[in-house]
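**Q** Before we start, here is the structure in question, set down as C-alpha cells.
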Amino acid sequence: MFCELELNKGSYIGLRAISEDDFPQMRKWADDDEITHYMIMGMRPGAGVLFCGWDDLDVEYARFLKSEHDVIFAIDTEFGLIGIIGLYNINWVARNTELRIIIGRPEFLGKGYGTYAIQLLLRYAFDKLNLHRVYLGCNHADARANGCYKKCGFIFEGTSRDYHYRNGRYYDANHYGMLKEEWKKHV
C-alpha cells in the first residue's frame, strides 16, 4: 500500500499498485452496466476507444501499468479491491494530468470511498509528482460523481454538449479542474 487513510477504527482506504491478479475483477467491472452506465470513455465492447476485445483488455491494462504517462492504482479497503483510480496522459512539461476513477463494487457507491480515494490521489499528484493541474470529465447526468468532484474541491470549467453516445442517446460532459494552489487551500 503506497498510501492509506484511516476512515474509522478498523476501517481504511488505500491505494496500491495494480497487479495482473486484479485484471479478472477489472474485466468484470468493464462488463457491468451499473458500473459503466455513466462512463464517458467506456471499457465495454464497442463503447469506447479503450476497448477492442476481451483479449485486448488485458493488453491495455498491462500497457497502462508500464506507461510513463499514466499512473494507476487499485483502491483497496478492508473489504478488498473496490475500484481503480489513476492519473492519465500526464504532460510532464505542462505538469497536468487527467484523473479517472471507477468504483467497481456498487455497494461502495455513495459512501465516500471515491472521495477519499480522490483525496489520496490528489496528494500524490501535487505533493509527490509536483503537478500543477489535475482535470477530469464527467457525465452531466451523473449527479453522484458531479457532487463528489465538487466536494473534493474541483472547479467546474464548462460543459460539452452531446459529448458522448451511450445506450442509444447522447450525453453532455461536465469538465472540472484543480490547480495545485487551489488544492492547498482545500485540504
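Simple scheme: letters A, B, ... for chains in C-alpha cells order, numbers from 1 for residues in each chain, numbers from 1 for ligands in the order shown.
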Could you give me, as a list in words, the residues within 7 Å of segment 91-106 of chain A, counting only C-alpha atoms and dropping anything in the same chain fewer than 6 positions from it?

**A**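 Those residues are Trp29, Ile35, Ile82, Gly83, Ile84, Ile85, Gly114, Leu131, His132, Arg133, Val134, Tyr135 and Leu136 of chain A.
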
**Q** I want to know what sits within 12 Å of Asn139 of chain A, based on only C-alpha atoms, with residues of the same chain fewer than 3 positions away left out; could you give that as a ChimeraX atom specification?

**A** /A:36-42,136,142-147,149,158-166,170-176

**Q** With C-alpha atoms retained, write the just-selected residues as a PDB file, in the first residue's frame.

**A**
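Written output follows (again_17.pdb):
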ATOM      1  CA  THR A  36     -20.151   1.721 -16.635  1.00  0.00           C
ATOM      2  CA  HIS A  37     -23.513   3.420 -17.269  1.00  0.00           C
ATOM      3  CA  TYR A  38     -22.176   6.969 -16.863  1.00  0.00           C
ATOM      4  CA  MET A  39     -18.643   6.413 -18.147  1.00  0.00           C
ATOM      5  CA  ILE A  40     -17.521   8.873 -20.792  1.00  0.00           C
ATOM      6  CA  MET A  41     -14.819   6.583 -22.165  1.00  0.00           C
ATOM      7  CA  GLY A  42     -16.392   3.161 -21.965  1.00  0.00           C
ATOM      8  CA  LEU A 136     -11.418  15.374 -15.403  1.00  0.00           C
ATOM      9  CA  ASP A 142     -24.201  11.541 -13.042  1.00  0.00           C
ATOM     10  CA  ALA A 143     -25.259  13.601 -10.008  1.00  0.00           C
ATOM     11  CA  ARG A 144     -23.284  11.454  -7.559  1.00  0.00           C
ATOM     12  CA  ALA A 145     -19.978  11.924  -9.427  1.00  0.00           C
ATOM     13  CA  ASN A 146     -20.549  15.639 -10.035  1.00  0.00           C
ATOM     14  CA  GLY A 147     -21.202  16.125  -6.307  1.00  0.00           C
ATOM     15  CA  TYR A 149     -15.816  16.237  -7.587  1.00  0.00           C
ATOM     16  CA  GLY A 158     -17.756  24.019 -18.535  1.00  0.00           C
ATOM     17  CA  THR A 159     -19.973  21.574 -20.363  1.00  0.00           C
ATOM     18  CA  SER A 160     -19.506  19.913 -23.753  1.00  0.00           C
ATOM     19  CA  ARG A 161     -22.888  19.250 -25.323  1.00  0.00           C
ATOM     20  CA  ASP A 162     -23.630  15.783 -26.743  1.00  0.00           C
ATOM     21  CA  TYR A 163     -20.084  14.771 -25.847  1.00  0.00           C
ATOM     22  CA  HIS A 164     -20.569  11.019 -25.947  1.00  0.00           C
ATOM     23  CA  TYR A 165     -23.059   8.483 -27.199  1.00  0.00           C
ATOM     24  CA  ARG A 166     -24.197   5.665 -24.936  1.00  0.00           C
ATOM     25  CA  TYR A 170     -26.159  11.478 -26.395  1.00  0.00           C
ATOM     26  CA  TYR A 171     -24.912  12.806 -23.065  1.00  0.00           C
ATOM     27  CA  ASP A 172     -23.312  16.108 -22.138  1.00  0.00           C
ATOM     28  CA  ALA A 173     -19.982  16.052 -20.303  1.00  0.00           C
ATOM     29  CA  ASN A 174     -19.017  18.371 -17.464  1.00  0.00           C
ATOM     30  CA  HIS A 175     -15.384  19.372 -17.158  1.00  0.00           C
ATOM     31  CA  TYR A 176     -13.631  20.094 -13.862  1.00  0.00           C
TER      32      TYR A 176
END

**Q** Between atom CA of Ile155 of chain A and atom CA of Gly177 of chain A, measure the distance and give it in Å to one decimal.

**A** 5.3 Å

**Q** Quick one: pull the distance between atom CA of Phe156 of chain A and atom CA of Ala74 of chain A, Å, one decimal.

**A** 26.4 Å
